[in-house]
Each structure stands twice: as C-alpha cells, then as structure tokens.
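The structure appears right after this line, and notes come after that.
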Amino acid sequence: MTDHHPPYEQSASITPARTPSTRRGKPARKRPSPGWIPNYHGAWAMITVPVLLGVILGGFVWEHLMLLGLWWVGYFAFFATGMWLRSKRRARYFPPVRAYVLGTVPFAIGVLVTAPYAVWWIPLFLPLIATTVWASMNRKDRSMVNNIATVGAAGLTLPVAYDIGTGGQGGLWGTGLLMDTLPHWPGLGSQGSDATLTAAADTAFGALGSSDPTLISLAMFPGSSANGELTGWLWTWLVTLVVAWYFLGTVFYVKTNIRERGERGWLIATTVFHGVGMVFVVALAAIGLFSWWLAALWVIIFLRALLVPIYGQREGWLSAKAIGIGEVVVSIALVFTIL
C-alpha cells in the first residue's frame, strides 16, 4: 500500500493470505490478522479534534471517559469492519472486528447509564453508519456520499461531547426541546438571578429582541464567541459547522492531490469549496464572532488547497504521508484559533 489517506479517502488494501514459509529451517512468524491497526495518517485528527473540542467547550466531566472510549474503540471497529466487508467477509479479517465490536459494548453501556439523554443523538448517527456500511459492502468507500457520512459522524461528536459536558440540559440536539425531561442544569434555575438572565438575553439575543426563556437558557451554557455575543448551544453549533466544513474540505484536498491529481475539475471544486469556507469565516471574524487568527488560518487553508496541487503538477506531487501530517498540523492550529 503506497497511499495513506484519511478514512474518507483511502480503502485499505485487501491481500490474500500467504502460506507460511520457512527460512533457514525455521518457520516464518505467522502474520496477525489484518485490520488491527488503522493506517490512515489523516484520520487521527478527524477522530480527535471534534470530540475534544466538544469536551473543552462543555467542560470536562468524568462521563466523557465513556464517550471517548466508545468513539475511539468504535473507530477501530469501523476500520476493521470496513476491511472485513470489502474482503467479502473472509474469515481472516474477522478477529479484529469481533474484538473491537465487543470492546465497544462496555463503553456503550457506560454512556447509556451515565448519560441516558445521549440516546437523542442515535437517530442522527444511524443513517450515517448505515451509509458507511453500505459503501463498504459495495466497495464504494471512496465515494463522496461515504465521505460526507464519515465526516458528518465525526463532526457530530462535538455537540455530543458538549451535551454530556452540560448534563443534557440543552434538550433535543441543543434546540431546547424536551428540556424539562431532566432536572435543571446546575447553572440555571434557582441559581440564575434575573439580572443574569437579562444579561444573557442582551448579549445573545439583544439584536433579535428575543425574550424567549428557552433561548435565554440555551444562551447561558458554557462557551462563547470571541466578542461574547454568541454563547452556549448557538456558539457550539456554529463551531461544529466550521469544524465539519474544514474536515469535509480535506476530502477535496486529498483527492485533488492523490487519486484525482491533475484533474482540473477537482482543482476547481476544492478551490471553490475552501474559498466559500474562507469567506464565511472571514465575515464572521469581521463582526467579531471569530478571532482574526482563525480567519488568517482559513486564508492559509484556502491558499494551500489552491497552490499545493499546482505545485504538484509543476514540481512533483507531495507524498500521501506528507499530506496526512500536514492535516494534523492544520487541525491542531484549528483548535487553538477557535478557542
């Protein structure tokens, strides 16, 4: 295997089992079953950045340990299952599937016991999971449909982690619906004075003139924009959008530089996609919601998406490993500039 792409771009190669041979009279060491260790360099950023941002924005609680275990062991299960399905369910690919799927069970139970409101998120994840399973079974794991589903699932871990950090008190998907199904979040209710509620309304919804108590409650959750005018769940969903847009952009970027290298249509697509993201972030920085550091980073991201493929055509293409490492560096910068 020469390419090392993120999981939404590369399929692990499927090779037939080799017959053990002897060398100098000694039997060769038996190879472990494939699928135990994911070999996608860019994937580690995608499965780490969104969920950790959610933990930071919402505030760490010990229940997050259950979520992190479920997500990370679940990714190993996802990788192994994809290889097994693409191999037409060969027996030698099944041991890591069995091990990792069983490994997710205690973490899944832990999440359900410690954060039962997390079941609200299952309907959003199910179609995404079904899409990736279908893509693996039909060897369409490099399709854009599968790429979008994979990035979408990773991006959703940000609001899920935020929801757990705030005790599920934002209601259904942070919309305020079903807020009364659980005890009030400690930061609200009797501990929140009228002055505090009024201040939250002024900062978060003053421009809209809203006095909706549900919106005011959602605005009082942790996390705020650079200028403090957007807080709580509204801020969290905006961050989720920007992070998901960035990682979806890496799909275009990686394809343009590896499997679709030299294709003018892909170069135009990745340039336009990153250009839209840059304009959006710069506009939000101009009104104070994001810092100018984040806007500057998005300018760099846009220039990279445009110039790296052009450089590759003229001077030689970057290796897949170099592209993956670059994604990790930019992802780290994304976290710091958002925070």
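Simple scheme: letters A, B, ... for chains in structure tokens order, numbers from 1 for residues in each chain, numbers from 1 for ligands in the order shown.
Using only C-alpha atoms, the protein and nucleic acid residues lying no more than 10 Å from A:Leu85, apart from those fewer than 6 places from it along its own chain, are Tyr93, Phe94, Val133, Trp134, Ala135, Ser136, Met137, Asn138 and Arg139 of chain A.
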Skipping near chain neighbours, those fewer than 4 positions away, what residues fall within 9 Å of A:Met278 using only C-alpha atoms, listed as a VMD selection string? chain A and resid 273 to 274 282 to 283 295 to 299 301 to 302
Set out as a Markdown table a contact list for stretch 58-130 of chain A and stretch 140-156 of chain A with a cut-off of 10 Å, giving each residue of stretch 58-130 of chain A that qualifies its closest atom pair and distance in Å to one decimal, counting only C-alpha atoms, ordered by chain and rising residue number.
| residue | atom | partner | partner_atom | distance |
| --- | --- | --- | --- | --- |
| A:Trp71 | CA | A:Ala154 | CA | 9.1 |
| A:Tyr75 | CA | A:Ala154 | CA | 9.8 |
| A:Gly82 | CA | A:Asp141 | CA | 8.5 |
| A:Arg86 | CA | A:Asp141 | CA | 9.0 |
| A:Trp121 | CA | A:Leu156 | CA | 8.7 |
| A:Leu124 | CA | A:Leu156 | CA | 8.4 |
| A:Phe125 | CA | A:Ala153 | CA | 6.3 |
| A:Leu126 | CA | A:Ala153 | CA | 9.4 |
| A:Pro127 | CA | A:Ala149 | CA | 8.2 |
| A:Leu128 | CA | A:Ala149 | CA | 4.9 |
| A:Ile129 | CA | A:Ala149 | CA | 7.5 |
| A:Ala130 | CA | A:Ala149 | CA | 9.1 |
Pull C-alpha atoms from the residues just selected and write them as a compact mmCIF listing (two decimals), in the first residue's frame.
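What follows is the written file result-v1.txt:
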# COMPACT_ATOMS: atom_id res chain seq x y z
CA TRP A 71 -15.81 6.77 19.98
CA TYR A 75 -13.39 3.85 15.17
CA GLY A 82 -14.81 -1.96 6.61
CA ARG A 86 -14.59 -5.25 1.45
CA TRP A 121 -28.27 11.54 19.15
CA LEU A 124 -28.65 11.33 13.66
CA PHE A 125 -25.89 8.72 13.63
CA LEU A 126 -27.88 5.74 12.32
CA PRO A 127 -28.22 6.90 8.69
CA LEU A 128 -24.55 7.88 8.62
CA ILE A 129 -23.48 4.48 9.92
CA ALA A 130 -25.81 2.72 7.50
Which of stretch 59-134 of chain A end up as alpha helix (DSSP H) when DSSP is run on this backbone - answer as a ChimeraX atom specification? /A:64-86,94-114,122-134
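You will find atom CA of A:Gly171 at 24.3 Å from atom CA of A:Leu289.
Checking A:Val119, A:Leu241, A:Val105, A:Leu294 one by one against A:Phe336, counting only C-alpha atoms, you find the shortest gap at A:Leu294.
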Can you list, as an MDAnalysis selection string, every protein, DNA or RNA residue that comes within 8 Å of A:Phe290 when you count only C-alpha atoms, leaving out same-chain residues fewer than 5 positions away? chainID A and resid 225:227 281 284:285 295 338
Generate a file of the selected residues that holds C-alpha atoms, formatted as a tab-separated table (two decimals), in the first residue's frame.
chain	number	residue	atom	x	y	z
A	225	SER	CA	-17.68	33.66	20.64
A	226	ALA	CA	-14.66	35.98	20.51
A	227	ASN	CA	-16.80	39.03	21.30
A	281	VAL	CA	-15.01	32.61	8.48
A	284	LEU	CA	-17.69	36.13	10.99
A	285	ALA	CA	-14.33	37.45	12.16
A	295	ALA	CA	-9.56	33.97	9.72
A	338	ILE	CA	-11.15	28.55	17.62
